[in-house]
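The data block below is work_32.cif; it holds mmCIF, C-alpha atoms.
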data_work
#
loop_
_atom_site.group_PDB
_atom_site.id
_atom_site.type_symbol
_atom_site.label_atom_id
_atom_site.label_comp_id
_atom_site.auth_asym_id
_atom_site.auth_seq_id
_atom_site.Cartn_x
_atom_site.Cartn_y
_atom_site.Cartn_z
ATOM 1 C CA MET A 149 0.000 0.000 0.000
ATOM 2 C CA ALA A 150 1.311 3.434 -0.931
ATOM 3 C CA PRO A 151 2.025 5.767 1.994
ATOM 4 C CA LEU A 152 -0.504 8.464 2.798
ATOM 5 C CA ARG A 153 0.296 11.852 1.284
ATOM 6 C CA VAL A 154 -0.464 14.441 3.948
ATOM 7 C CA GLY A 155 -0.254 18.206 3.645
ATOM 8 C CA LEU A 156 0.675 19.908 6.925
ATOM 9 C CA ALA A 157 -0.308 23.543 7.382
ATOM 10 C CA ALA A 158 0.430 25.381 10.620
ATOM 11 C CA ASN A 159 -0.087 28.881 11.921
ATOM 12 C CA PRO A 160 3.276 29.947 13.392
ATOM 13 C CA THR A 161 1.640 32.708 15.449
ATOM 14 C CA ALA A 162 -1.184 30.629 16.974
ATOM 15 C CA ASP A 163 -1.265 30.582 20.770
ATOM 16 C CA ALA A 164 1.555 33.161 20.853
ATOM 17 C CA GLY A 165 3.830 30.897 18.836
ATOM 18 C CA LEU A 166 3.285 27.731 20.877
ATOM 19 C CA ALA A 167 1.652 26.091 17.859
ATOM 20 C CA VAL A 168 5.097 25.839 16.243
ATOM 21 C CA THR A 169 6.051 23.202 18.808
ATOM 22 C CA ALA A 170 2.719 21.453 18.256
ATOM 23 C CA ALA A 171 3.373 21.390 14.504
ATOM 24 C CA GLN A 172 6.802 19.849 15.030
ATOM 25 C CA ARG A 173 5.312 17.163 17.251
ATOM 26 C CA ALA A 174 2.540 16.503 14.723
ATOM 27 C CA LEU A 175 5.093 16.215 11.930
ATOM 28 C CA LYS A 176 7.103 13.630 13.859
ATOM 29 C CA ALA A 177 3.960 11.634 14.619
ATOM 30 C CA LEU A 178 2.858 11.670 10.971
ATOM 31 C CA GLU A 179 6.282 10.596 9.731
ATOM 32 C CA ALA A 180 6.490 7.888 12.393
ATOM 33 C CA ALA A 181 3.201 6.536 11.030
ATOM 34 C CA GLY A 182 4.741 6.298 7.556
ATOM 35 C CA CYS A 183 3.079 9.342 5.988
ATOM 36 C CA VAL A 184 4.748 11.385 3.279
ATOM 37 C CA VAL A 185 4.360 14.940 4.503
ATOM 38 C CA THR A 186 4.241 18.065 2.330
ATOM 39 C CA HIS A 187 5.024 21.250 4.236
ATOM 40 C CA LEU A 188 2.521 23.979 3.370
ATOM 41 C CA SER A 189 3.052 26.561 6.107
ATOM 42 C CA GLY A 190 3.808 30.060 4.866
ATOM 43 C CA VAL A 191 4.691 33.249 6.671
ATOM 44 C CA SER A 192 1.065 34.383 6.567
ATOM 45 C CA TRP A 193 -2.445 32.898 6.585
ATOM 46 C CA SER A 194 -3.007 33.849 2.934
ATOM 47 C CA GLU A 195 0.328 32.418 1.804
ATOM 48 C CA THR A 196 -0.450 29.152 3.578
ATOM 49 C CA LEU A 197 -3.906 29.059 2.000
ATOM 50 C CA ASP A 198 -2.424 29.546 -1.476
ATOM 51 C CA ALA A 199 0.076 26.737 -0.907
ATOM 52 C CA ALA A 200 -2.628 24.367 0.330
ATOM 53 C CA MET A 201 -4.924 25.166 -2.596
ATOM 54 C CA ARG A 202 -2.133 24.414 -5.077
ATOM 55 C CA ALA A 203 -1.268 21.110 -3.382
ATOM 56 C CA ARG A 204 -4.718 19.703 -2.586
ATOM 57 C CA ASP A 205 -5.124 17.572 -5.731
ATOM 58 C CA ASP A 206 -1.950 15.660 -4.818
ATOM 59 C CA LEU A 207 -2.889 14.927 -1.198
ATOM 60 C CA ASP A 208 -4.768 12.192 0.624
ATOM 61 C CA ALA A 209 -5.448 14.484 3.605
ATOM 62 C CA LEU A 210 -4.855 18.032 4.778
ATOM 63 C CA VAL A 211 -3.851 18.494 8.421
ATOM 64 C CA VAL A 212 -4.015 21.969 9.943
ATOM 65 C CA VAL A 213 -2.282 22.934 13.181
ATOM 66 C CA GLY A 214 -3.536 25.907 15.161
ATOM 67 C CA GLY A 215 -6.824 27.331 16.365
ATOM 68 C CA ASP A 216 -10.152 28.157 14.756
ATOM 69 C CA GLY A 217 -8.431 30.355 12.178
ATOM 70 C CA MET A 218 -6.621 27.317 10.791
ATOM 71 C CA VAL A 219 -9.867 25.345 10.764
ATOM 72 C CA HIS A 220 -11.230 28.242 8.704
ATOM 73 C CA LEU A 221 -8.301 27.885 6.309
ATOM 74 C CA GLY A 222 -8.863 24.145 6.033
ATOM 75 C CA ALA A 223 -12.526 24.748 5.229
ATOM 76 C CA GLN A 224 -11.562 26.923 2.246
ATOM 77 C CA VAL A 225 -9.346 24.155 0.882
ATOM 78 C CA CYS A 226 -11.531 21.126 1.580
ATOM 79 C CA ALA A 227 -15.100 22.417 1.166
ATOM 80 C CA GLN A 228 -17.013 20.244 -1.313
ATOM 81 C CA GLN A 229 -13.845 18.268 -2.069
ATOM 82 C CA SER A 230 -13.078 14.603 -1.486
ATOM 83 C CA LEU A 231 -9.990 15.702 0.494
ATOM 84 C CA PRO A 232 -10.483 15.044 4.251
ATOM 85 C CA LEU A 233 -9.471 17.643 6.820
ATOM 86 C CA GLY A 234 -7.614 16.720 9.995
ATOM 87 C CA ILE A 235 -7.268 19.151 12.895
ATOM 88 C CA VAL A 236 -4.435 19.375 15.412
ATOM 89 C CA ALA A 237 -6.007 21.874 17.807
ATOM 90 C CA ALA A 238 -3.235 24.081 19.161
ATOM 91 C CA GLY A 239 -4.522 27.650 19.178
ATOM 92 C CA SER A 240 -5.658 30.152 21.763
ATOM 93 C CA GLY A 241 -9.219 29.373 20.640
ATOM 94 C CA ASN A 242 -10.130 25.773 19.768
ATOM 95 C CA ASP A 243 -13.897 26.006 19.745
ATOM 96 C CA PHE A 244 -14.554 23.941 16.650
ATOM 97 C CA ALA A 245 -12.267 21.105 17.784
ATOM 98 C CA SER A 246 -14.109 21.029 21.106
ATOM 99 C CA ILE A 247 -17.506 20.807 19.413
ATOM 100 C CA ALA A 248 -16.255 18.081 17.055
ATOM 101 C CA GLY A 249 -14.974 15.973 19.940
ATOM 102 C CA LEU A 250 -11.325 16.276 18.919
ATOM 103 C CA PRO A 251 -8.284 16.359 21.229
ATOM 104 C CA VAL A 252 -7.076 19.823 22.246
ATOM 105 C CA ARG A 253 -3.379 20.642 22.755
ATOM 106 C CA GLU A 254 -2.397 16.981 22.389
ATOM 107 C CA PRO A 255 -0.602 16.802 19.006
ATOM 108 C CA GLU A 256 0.318 13.116 19.044
ATOM 109 C CA ARG A 257 -3.164 12.071 20.120
ATOM 110 C CA SER A 258 -4.617 14.370 17.470
ATOM 111 C CA VAL A 259 -2.554 12.708 14.746
ATOM 112 C CA HIS A 260 -3.584 9.255 15.956
ATOM 113 C CA THR A 261 -7.240 10.356 15.909
ATOM 114 C CA ILE A 262 -6.886 11.776 12.395
ATOM 115 C CA LEU A 263 -5.198 8.707 10.935
ATOM 116 C CA ARG A 264 -7.711 6.398 12.573
ATOM 117 C CA GLY A 265 -10.574 8.483 11.197
ATOM 118 C CA LEU A 266 -9.365 8.785 7.595
ATOM 119 C CA GLY A 267 -10.974 5.494 6.645
ATOM 120 C CA ARG A 268 -14.385 6.793 7.654
ATOM 121 C CA PRO A 269 -14.371 10.601 7.807
ATOM 122 C CA ARG A 270 -17.447 12.307 9.203
ATOM 123 C CA THR A 271 -19.295 14.635 6.837
ATOM 124 C CA ILE A 272 -20.306 17.914 8.442
ATOM 125 C CA ASP A 273 -22.118 21.057 7.364
ATOM 126 C CA LEU A 274 -20.430 24.314 6.448
ATOM 127 C CA GLY A 275 -21.739 27.823 5.975
ATOM 128 C CA ARG A 276 -21.087 29.306 2.540
ATOM 129 C CA VAL A 277 -20.701 33.092 2.509
ATOM 130 C CA ASP A 278 -21.292 35.020 -0.701
ATOM 131 C CA LEU A 279 -19.752 38.471 -0.308
ATOM 132 C CA SER A 280 -20.622 41.662 -2.164
ATOM 133 C CA ASP A 281 -17.389 41.568 -4.188
ATOM 134 C CA GLY A 282 -18.380 38.203 -5.685
ATOM 135 C CA SER A 283 -15.980 36.140 -3.584
ATOM 136 C CA VAL A 284 -16.992 33.051 -1.591
ATOM 137 C CA ARG A 285 -15.833 32.009 1.869
ATOM 138 C CA TRP A 286 -16.715 29.005 3.977
ATOM 139 C CA PHE A 287 -16.965 28.745 7.752
ATOM 140 C CA ALA A 288 -17.247 25.891 10.211
ATOM 141 C CA GLY A 289 -18.114 27.707 13.431
ATOM 142 C CA VAL A 290 -19.871 31.056 13.772
ATOM 143 C CA LEU A 291 -20.224 34.095 11.521
ATOM 144 C CA SER A 292 -20.439 37.313 13.520
ATOM 145 C CA ALA A 293 -21.802 40.666 12.348
ATOM 146 C CA GLY A 294 -22.696 42.573 15.551
ATOM 147 C CA ILE A 295 -20.839 43.344 18.750
ATOM 148 C CA ASP A 296 -19.516 39.791 18.544
ATOM 149 C CA ALA A 297 -17.700 40.781 15.320
ATOM 150 C CA ALA A 298 -16.385 43.985 16.889
ATOM 151 C CA ILE A 299 -15.093 41.984 19.869
ATOM 152 C CA ALA A 300 -13.457 39.450 17.523
ATOM 153 C CA GLU A 301 -11.713 42.284 15.648
ATOM 154 C CA ARG A 302 -10.437 43.797 18.889
ATOM 155 C CA GLY A 303 -9.283 40.361 20.058
ATOM 156 C CA ARG A 304 -7.281 39.851 16.853
ATOM 157 C CA ARG A 305 -5.357 43.047 17.597
ATOM 158 C CA MET A 306 -4.568 42.005 21.176
ATOM 159 C CA GLN A 307 -1.331 40.182 21.971
ATOM 160 C CA PHE A 308 -2.272 39.467 25.577
ATOM 161 C CA PRO A 309 -3.943 37.725 27.278
ATOM 162 C CA ARG A 310 -4.441 34.426 25.446
ATOM 163 C CA GLY A 311 -7.245 31.876 25.377
ATOM 164 C CA GLU A 312 -10.659 32.420 26.947
ATOM 165 C CA SER A 313 -9.491 35.443 28.934
ATOM 166 C CA LYS A 314 -8.649 37.322 25.709
ATOM 167 C CA TYR A 315 -12.320 37.341 24.688
ATOM 168 C CA LYS A 316 -13.398 38.559 28.113
ATOM 169 C CA VAL A 317 -10.891 41.427 28.054
ATOM 170 C CA ALA A 318 -11.941 42.321 24.494
ATOM 171 C CA VAL A 319 -15.569 42.504 25.669
ATOM 172 C CA ALA A 320 -14.641 44.917 28.465
ATOM 173 C CA ARG A 321 -12.708 47.148 26.069
ATOM 174 C CA GLU A 322 -15.299 47.145 23.299
ATOM 175 C CA LEU A 323 -18.401 47.892 25.375
ATOM 176 C CA PRO A 324 -17.790 51.567 26.281
ATOM 177 C CA GLY A 325 -18.227 52.743 22.673
ATOM 178 C CA HIS A 326 -20.943 50.306 21.666
ATOM 179 C CA LYS A 327 -24.055 51.441 19.801
ATOM 180 C CA PRO A 328 -26.611 48.972 18.377
ATOM 181 C CA TYR A 329 -26.019 48.172 14.721
ATOM 182 C CA GLY A 330 -28.579 48.623 11.980
ATOM 183 C CA VAL A 331 -28.947 45.364 10.044
ATOM 184 C CA ARG A 332 -31.689 44.205 7.697
ATOM 185 C CA VAL A 333 -32.125 40.429 7.815
ATOM 186 C CA HIS A 334 -33.863 38.190 5.296
ATOM 187 C CA ALA A 335 -33.929 34.543 6.328
ATOM 188 C CA ARG A 336 -35.256 31.304 4.892
ATOM 189 C CA VAL A 337 -36.553 29.465 7.949
ATOM 190 C CA THR A 338 -36.210 25.683 8.091
ATOM 191 C CA SER A 339 -39.723 25.306 9.498
ATOM 192 C CA GLY A 340 -41.060 26.896 6.312
ATOM 193 C CA GLY A 341 -41.328 30.310 4.716
ATOM 194 C CA ASP A 342 -39.247 33.459 4.777
ATOM 195 C CA ALA A 343 -38.759 35.946 7.592
ATOM 196 C CA GLN A 344 -37.550 39.547 7.551
ATOM 197 C CA TYR A 345 -36.188 41.542 10.456
ATOM 198 C CA ASP A 346 -35.140 45.175 10.043
ATOM 199 C CA GLY A 347 -33.869 46.902 13.131
ATOM 200 C CA ALA A 348 -31.031 47.709 15.484
ATOM 201 C CA TRP A 349 -29.197 44.798 17.068
ATOM 202 C CA THR A 350 -26.542 44.486 19.721
ATOM 203 C CA LEU A 351 -25.599 41.034 18.523
ATOM 204 C CA ILE A 352 -26.250 39.274 15.251
ATOM 205 C CA ALA A 353 -24.651 36.001 14.239
ATOM 206 C CA VAL A 354 -25.143 32.949 12.047
ATOM 207 C CA SER A 355 -24.030 29.785 13.796
ATOM 208 C CA ASN A 356 -23.070 26.332 12.563
ATOM 209 C CA SER A 357 -21.194 24.912 15.554
ATOM 210 C CA GLY A 358 -22.677 27.076 18.306
ATOM 211 C CA LEU A 359 -19.410 27.872 20.079
ATOM 212 C CA LEU A 360 -17.108 30.908 19.886
ATOM 213 C CA GLY A 361 -14.812 33.128 21.924
ATOM 214 C CA GLY A 362 -12.914 30.350 23.697
ATOM 215 C CA GLY A 363 -15.911 28.323 24.846
ATOM 216 C CA ILE A 364 -18.974 30.586 24.796
ATOM 217 C CA PRO A 365 -22.106 28.642 23.750
ATOM 218 C CA MET A 366 -23.668 31.256 21.464
ATOM 219 C CA SER A 367 -26.348 28.824 20.266
ATOM 220 C CA PRO A 368 -26.192 25.801 22.566
ATOM 221 C CA HIS A 369 -28.460 23.601 20.446
ATOM 222 C CA SER A 370 -26.511 23.948 17.196
ATOM 223 C CA ASP A 371 -25.354 20.747 15.509
ATOM 224 C CA ILE A 372 -22.675 20.619 12.808
ATOM 225 C CA SER A 373 -24.486 17.777 11.045
ATOM 226 C CA ASP A 374 -28.160 18.800 11.101
ATOM 227 C CA GLY A 375 -28.309 20.575 7.732
ATOM 228 C CA ALA A 376 -29.225 23.917 9.301
ATOM 229 C CA LEU A 377 -27.782 27.080 10.791
ATOM 230 C CA GLU A 378 -28.952 29.196 13.717
ATOM 231 C CA LEU A 379 -29.616 32.902 13.285
ATOM 232 C CA VAL A 380 -28.912 34.594 16.620
ATOM 233 C CA ARG A 381 -30.236 38.125 17.230
ATOM 234 C CA ALA A 382 -30.101 40.232 20.359
ATOM 235 C CA GLU A 383 -32.232 43.377 20.515
ATOM 236 C CA PRO A 384 -30.574 46.624 21.657
ATOM 237 C CA ILE A 385 -29.074 46.102 25.093
ATOM 238 C CA SER A 386 -27.422 48.855 27.138
ATOM 239 C CA ARG A 387 -23.748 48.589 28.006
ATOM 240 C CA ALA A 388 -24.719 47.805 31.599
ATOM 241 C CA GLY A 389 -27.201 45.240 30.314
ATOM 242 C CA VAL A 390 -24.547 43.506 28.219
ATOM 243 C CA VAL A 391 -22.334 43.299 31.299
ATOM 244 C CA ARG A 392 -25.189 41.676 33.213
ATOM 245 C CA ILE A 393 -26.066 39.224 30.441
ATOM 246 C CA PHE A 394 -22.459 38.184 29.823
ATOM 247 C CA PRO A 395 -22.310 35.608 32.666
ATOM 248 C CA ARG A 396 -25.479 34.030 31.258
ATOM 249 C CA LEU A 397 -23.890 33.965 27.812
ATOM 250 C CA MET A 398 -20.949 32.033 29.263
ATOM 251 C CA ARG A 399 -23.366 29.425 30.623
ATOM 252 C CA GLY A 400 -25.656 29.339 27.576
ATOM 253 C CA THR A 401 -28.650 30.493 29.611
ATOM 254 C CA HIS A 402 -28.915 33.771 27.665
ATOM 255 C CA ILE A 403 -31.311 31.988 25.307
ATOM 256 C CA ALA A 404 -34.054 32.457 27.934
ATOM 257 C CA ASP A 405 -33.707 36.246 27.752
ATOM 258 C CA PRO A 406 -36.717 37.694 25.833
ATOM 259 C CA ARG A 407 -34.384 40.076 23.958
ATOM 260 C CA VAL A 408 -32.448 37.147 22.453
ATOM 261 C CA HIS A 409 -33.928 35.335 19.465
ATOM 262 C CA ILE A 410 -32.584 32.141 17.872
ATOM 263 C CA THR A 411 -34.130 30.974 14.607
ATOM 264 C CA GLN A 412 -33.126 27.880 12.647
ATOM 265 C CA VAL A 413 -32.452 28.806 9.028
ATOM 266 C CA ASP A 414 -30.801 27.371 5.940
ATOM 267 C CA ARG A 415 -30.159 30.717 4.233
ATOM 268 C CA VAL A 416 -29.853 34.273 5.529
ATOM 269 C CA SER A 417 -28.899 37.626 4.014
ATOM 270 C CA LEU A 418 -27.543 40.542 6.060
ATOM 271 C CA ALA A 419 -27.431 44.140 4.842
ATOM 272 C CA HIS A 420 -26.950 47.539 6.440
ATOM 273 C CA SER A 421 -30.041 49.354 7.690
ATOM 274 C CA ASP A 422 -30.463 52.973 8.790
ATOM 275 C CA ALA A 423 -32.083 51.691 11.995
ATOM 276 C CA GLY A 424 -28.725 51.776 13.784
ATOM 277 C CA ALA A 425 -24.971 52.291 13.539
ATOM 278 C CA MET A 426 -22.910 50.818 10.712
ATOM 279 C CA ALA A 427 -22.169 47.160 11.383
ATOM 280 C CA PRO A 428 -18.530 46.205 11.938
ATOM 281 C CA THR A 429 -16.526 44.061 9.532
ATOM 282 C CA ALA A 430 -18.075 40.620 9.604
ATOM 283 C CA SER A 431 -15.919 37.716 10.745
ATOM 284 C CA ALA A 432 -16.221 33.940 10.669
ATOM 285 C CA ASP A 433 -14.280 31.458 12.802
ATOM 286 C CA GLY A 434 -12.608 34.604 14.167
ATOM 287 C CA GLU A 435 -11.249 35.594 10.733
ATOM 288 C CA PRO A 436 -12.271 38.845 8.965
ATOM 289 C CA LEU A 437 -14.573 38.451 5.967
ATOM 290 C CA GLY A 438 -15.659 41.894 4.802
ATOM 291 C CA SER A 439 -18.441 44.441 5.114
ATOM 292 C CA LEU A 440 -22.150 43.817 4.682
ATOM 293 C CA PRO A 441 -24.083 42.931 2.580
ATOM 294 C CA LEU A 442 -23.502 39.200 2.507
ATOM 295 C CA THR A 443 -25.503 36.009 2.167
ATOM 296 C CA VAL A 444 -24.955 32.807 4.135
ATOM 297 C CA THR A 445 -26.193 29.403 2.981
ATOM 298 C CA CYS A 446 -25.966 26.110 4.841
ATOM 299 C CA VAL A 447 -24.327 23.420 2.687
ATOM 300 C CA PRO A 448 -25.020 20.030 4.314
ATOM 301 C CA GLY A 449 -22.159 17.541 4.302
ATOM 302 C CA ALA A 450 -19.771 20.025 2.676
ATOM 303 C CA LEU A 451 -16.694 18.919 4.629
ATOM 304 C CA ARG A 452 -15.131 15.509 5.289
ATOM 305 C CA LEU A 453 -13.622 15.667 8.777
ATOM 306 C CA ALA A 454 -11.168 12.997 9.928
ATOM 307 C CA GLY A 455 -11.547 11.794 13.493
ATOM 308 C CA ALA A 456 -14.587 13.768 14.631
ATOM 309 C CA VAL A 457 -17.163 12.201 16.902
ATOM 310 C CA PRO A 458 -20.894 13.031 16.831
ATOM 311 C CA ALA A 459 -21.588 16.404 18.434
ATOM 312 C CA ALA A 460 -24.116 16.791 21.212
ATOM 313 C CA GLY A 461 -24.448 20.489 21.854
ATOM 314 C CA ALA A 462 -21.738 22.871 22.922
ATOM 315 C CA VAL A 463 -19.038 20.661 24.458
ATOM 316 C CA ARG A 464 -16.368 22.554 26.348
ATOM 317 C CA HIS A 465 -12.824 21.388 27.075
#
What is this file in structure tokens?
Amino acid sequence: MAPLRVGLAANPTADAGLAVTAAQRALKALEAAGCVVTHLSGVSWSETLDAAMRARDDLDALVVVGGDGMVHLGAQVCAQQSLPLGIVAAGSGNDFASIAGLPVREPERSVHTILRGLGRPRTIDLGRVDLSDGSVRWFAGVLSAGIDAAIAERGRRMQFPRGESKYKVAVARELPGHKPYGVRVHARVTSGGDAQYDGAWTLIAVSNSGLLGGGIPMSPHSDISDGALELVRAEPISRAGVVRIFPRLMRGTHIADPRVHITQVDRVSLAHSDAGAMAPTASADGEPLGSLPLTVTCVPGALRLAGAVPAAGAVRH
């Protein structure tokens, strides 16, 4: 039997550079298992993406090392392809790996899980994003377009702290200048029919996995294999009110708040509305996408994921 041809793509800056060590350990484990490894890591996310796109037709699997941003990269390469994606979770945020039941910060165990799962990869849903410039992006976790996107942008600029605490600090720094965002929403609801919402929102997101920000269950009942997405909207909430609701958000009990609405959809369009402030740059899996308008569509079974176990709500590690 010919050896497996594996592309290895790592983010050298993930988890303040600690992912470099994880990538080295993953490489050794792959080579020890007899894999032929192609190094795809560049000096930037976009350079690594370009290298992986060029190599994908000559690979049996793509393995990404890092956090949710590297999962996002892997989704661009492997969406609607026969190429399976393996994840060595080694970032400051590993939300998707947690939801998928994958090891976190255990490179050798991750490689073992990936190789064991290649024979029967799990197919999962992805969100397809059609942007106003005609480009297409895919996401595995959560697309953010409200204060959650503004917090993600602030978190990307922060060097310290790392992990879950980074998101909490970003929240505290973003809130003082917050004004509800005007967004017009047109959704195709899975229960039947279309729905339109035009107003000002503190939070607006489209969720596939349900988890973001280092373990926050944005939509606790999301499932990466149910053929649907969750549209999450929060009506205007004062800065003090956001502070009060934040502990509930951490526990997933915010869904009982009457100002929070979660609707299961398979397609949703977001555009700017004069009902509120200009929405921030949208992000997905913590990576910047672009400005509104945009359209998100659920694509069932779009990704073949090596080693994942069935999800059962927002699992936290």
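In this comparison, which uses only C-alpha atoms, the residue of A:Ala376, A:Ala293, A:Ala382, A:Leu156 approaching Gly190 of chain A most closely is A:Leu156.
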Check what the PyMOL selection byres ((chain A and resi 259) around 9) selects in the file above and give those residues as a PDB file with C-alpha atoms, in the frame of the given file.
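Generated file (result-v1.pdb):
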ATOM      1  CA  ALA A 174       2.540  16.503  14.723  1.00  0.00           C
ATOM      2  CA  LEU A 175       5.093  16.215  11.930  1.00  0.00           C
ATOM      3  CA  ALA A 177       3.960  11.634  14.619  1.00  0.00           C
ATOM      4  CA  LEU A 178       2.858  11.670  10.971  1.00  0.00           C
ATOM      5  CA  VAL A 211      -3.851  18.494   8.421  1.00  0.00           C
ATOM      6  CA  GLY A 234      -7.614  16.720   9.995  1.00  0.00           C
ATOM      7  CA  ILE A 235      -7.268  19.151  12.895  1.00  0.00           C
ATOM      8  CA  VAL A 236      -4.435  19.375  15.412  1.00  0.00           C
ATOM      9  CA  GLU A 254      -2.397  16.981  22.389  1.00  0.00           C
ATOM     10  CA  PRO A 255      -0.602  16.802  19.006  1.00  0.00           C
ATOM     11  CA  GLU A 256       0.318  13.116  19.044  1.00  0.00           C
ATOM     12  CA  ARG A 257      -3.164  12.071  20.120  1.00  0.00           C
ATOM     13  CA  SER A 258      -4.617  14.370  17.470  1.00  0.00           C
ATOM     14  CA  HIS A 260      -3.584   9.255  15.956  1.00  0.00           C
ATOM     15  CA  THR A 261      -7.240  10.356  15.909  1.00  0.00           C
ATOM     16  CA  ILE A 262      -6.886  11.776  12.395  1.00  0.00           C
ATOM     17  CA  LEU A 263      -5.198   8.707  10.935  1.00  0.00           C
ATOM     18  CA  ARG A 264      -7.711   6.398  12.573  1.00  0.00           C
TER      19      ARG A 264
END
Point to revise | Which of A:Pro384, A:Gly330, A:Gly267, A:Pro232 sits closest to Ala423 of chain A [using all atoms listed in the file] | key: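 When distances to Ala423 of chain A are compared using all atoms listed in the file, the smallest one comes from A:Gly330.
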Any chance you could resolve the PyMOL selection byres ((chain A and resi 332) around 6) against this file and give the residues as an mmCIF file with C-alpha atoms, in the coordinates of the input?
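Output saved as part_17.cif:
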data_model
loop_
_atom_site.group_PDB
_atom_site.id
_atom_site.type_symbol
_atom_site.label_atom_id
_atom_site.label_comp_id
_atom_site.auth_asym_id
_atom_site.auth_seq_id
_atom_site.Cartn_x
_atom_site.Cartn_y
_atom_site.Cartn_z
ATOM 1 C CA VAL A 331 -28.947 45.364 10.044
ATOM 2 C CA VAL A 333 -32.125 40.429 7.815
ATOM 3 C CA TYR A 345 -36.188 41.542 10.456
ATOM 4 C CA ASP A 346 -35.140 45.175 10.043
ATOM 5 C CA LEU A 418 -27.543 40.542 6.060
ATOM 6 C CA ALA A 419 -27.431 44.140 4.842
ATOM 7 C CA HIS A 420 -26.950 47.539 6.440
ATOM 8 C CA SER A 421 -30.041 49.354 7.690
#
**Study point:** Residues returned when the PyMOL selection byres ((chain A and resi 207) around 12) runs on this file, as a VMD selection string
**Key:** chain A and resid 151 to 156 183 to 188 200 to 206 208 to 211 225 to 226 229 to 233
So that I have them on file, write out the residues from the current selection with C-alpha atoms, as a PDB file, keeping the file's coordinate frame.
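And here's out37.pdb as it stands now:
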ATOM      1  CA  PRO A 151       2.025   5.767   1.994  1.00  0.00           C
ATOM      2  CA  LEU A 152      -0.504   8.464   2.798  1.00  0.00           C
ATOM      3  CA  ARG A 153       0.296  11.852   1.284  1.00  0.00           C
ATOM      4  CA  VAL A 154      -0.464  14.441   3.948  1.00  0.00           C
ATOM      5  CA  GLY A 155      -0.254  18.206   3.645  1.00  0.00           C
ATOM      6  CA  LEU A 156       0.675  19.908   6.925  1.00  0.00           C
ATOM      7  CA  CYS A 183       3.079   9.342   5.988  1.00  0.00           C
ATOM      8  CA  VAL A 184       4.748  11.385   3.279  1.00  0.00           C
ATOM      9  CA  VAL A 185       4.360  14.940   4.503  1.00  0.00           C
ATOM     10  CA  THR A 186       4.241  18.065   2.330  1.00  0.00           C
ATOM     11  CA  HIS A 187       5.024  21.250   4.236  1.00  0.00           C
ATOM     12  CA  LEU A 188       2.521  23.979   3.370  1.00  0.00           C
ATOM     13  CA  ALA A 200      -2.628  24.367   0.330  1.00  0.00           C
ATOM     14  CA  MET A 201      -4.924  25.166  -2.596  1.00  0.00           C
ATOM     15  CA  ARG A 202      -2.133  24.414  -5.077  1.00  0.00           C
ATOM     16  CA  ALA A 203      -1.268  21.110  -3.382  1.00  0.00           C
ATOM     17  CA  ARG A 204      -4.718  19.703  -2.586  1.00  0.00           C
ATOM     18  CA  ASP A 205      -5.124  17.572  -5.731  1.00  0.00           C
ATOM     19  CA  ASP A 206      -1.950  15.660  -4.818  1.00  0.00           C
ATOM     20  CA  ASP A 208      -4.768  12.192   0.624  1.00  0.00           C
ATOM     21  CA  ALA A 209      -5.448  14.484   3.605  1.00  0.00           C
ATOM     22  CA  LEU A 210      -4.855  18.032   4.778  1.00  0.00           C
ATOM     23  CA  VAL A 211      -3.851  18.494   8.421  1.00  0.00           C
ATOM     24  CA  VAL A 225      -9.346  24.155   0.882  1.00  0.00           C
ATOM     25  CA  CYS A 226     -11.531  21.126   1.580  1.00  0.00           C
ATOM     26  CA  GLN A 229     -13.845  18.268  -2.069  1.00  0.00           C
ATOM     27  CA  SER A 230     -13.078  14.603  -1.486  1.00  0.00           C
ATOM     28  CA  LEU A 231      -9.990  15.702   0.494  1.00  0.00           C
ATOM     29  CA  PRO A 232     -10.483  15.044   4.251  1.00  0.00           C
ATOM     30  CA  LEU A 233      -9.471  17.643   6.820  1.00  0.00           C
TER      31      LEU A 233
END
Exercise for review: Could you tell me how far atom CA of Ala248 of chain A lies from atom CA of Asp414 of chain A, in Å and to one decimal?
Suggested key: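 Atom-to-atom, atom CA of Ala248 of chain A to atom CA of Asp414 of chain A, that is 20.5 Å.
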**Study point:** Pick from A:Asn159, A:Thr271, A:Gln172, A:Thr443, whichever lies nearest to Trp193 of chain A using all atoms listed in the file
**Key:** A:Asn159
Review point. Which residue gives the smallest distance to Gln228 of chain A among A:Ala348, A:Ile272, A:Val380, A:Ala318, with only C-alpha atoms counted?
Key: A:Ile272
Exercise for review: Go ahead and compute the interatomic distance for atom CA of Arg399 of chain A and atom CA of Asp243 of chain A, in Å to one decimal.
Suggested key: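 So the two atoms, atom CA of Arg399 of chain A and atom CA of Asp243 of chain A, lie 14.8 Å apart.
Note that atom CA of Gln412 of chain A and atom CA of Gly341 of chain A are 11.7 Å apart.
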Review point. A:Leu274, A:Ala227, A:Asn242, A:Pro368: which is nearest Gly214 of chain A, counting all atoms listed in the file?
Key: A:Asn242
Review point. Which residues, written as a ChimeraX atom specification, have at least one atom at most 8 Å from Val444 of chain A, with all atoms listed in the file counted and residues fewer than 2 positions away on the same chain left out?
Key: /A:275-278,354,415-417,442,446
Exercise for review: Rank nothing, just name the residue among A:Ala199, A:Ile295, A:Ala181, A:Leu453 nearest to Arg268 of chain A, using all atoms listed in the file.
Suggested key: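 With all atoms listed in the file as the atom set, the closest residue is A:Leu453.
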Exercise for review: Counting all atoms listed in the file, write as a list in words all protein and nucleic acid residues lying at most 9 Å from (-19.5, 26.2, 14.8) in the file's frame.
Suggested key: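 Residues close enough to count: Asp243, Phe244, Ile247, Leu274, Phe287, Ala288, Gly289, Val290, Leu291, Ser355, Asn356, Ser357, Gly358, Leu359, Leu360, Ser370, Asp371, Ile372 and Asp433 of chain A.
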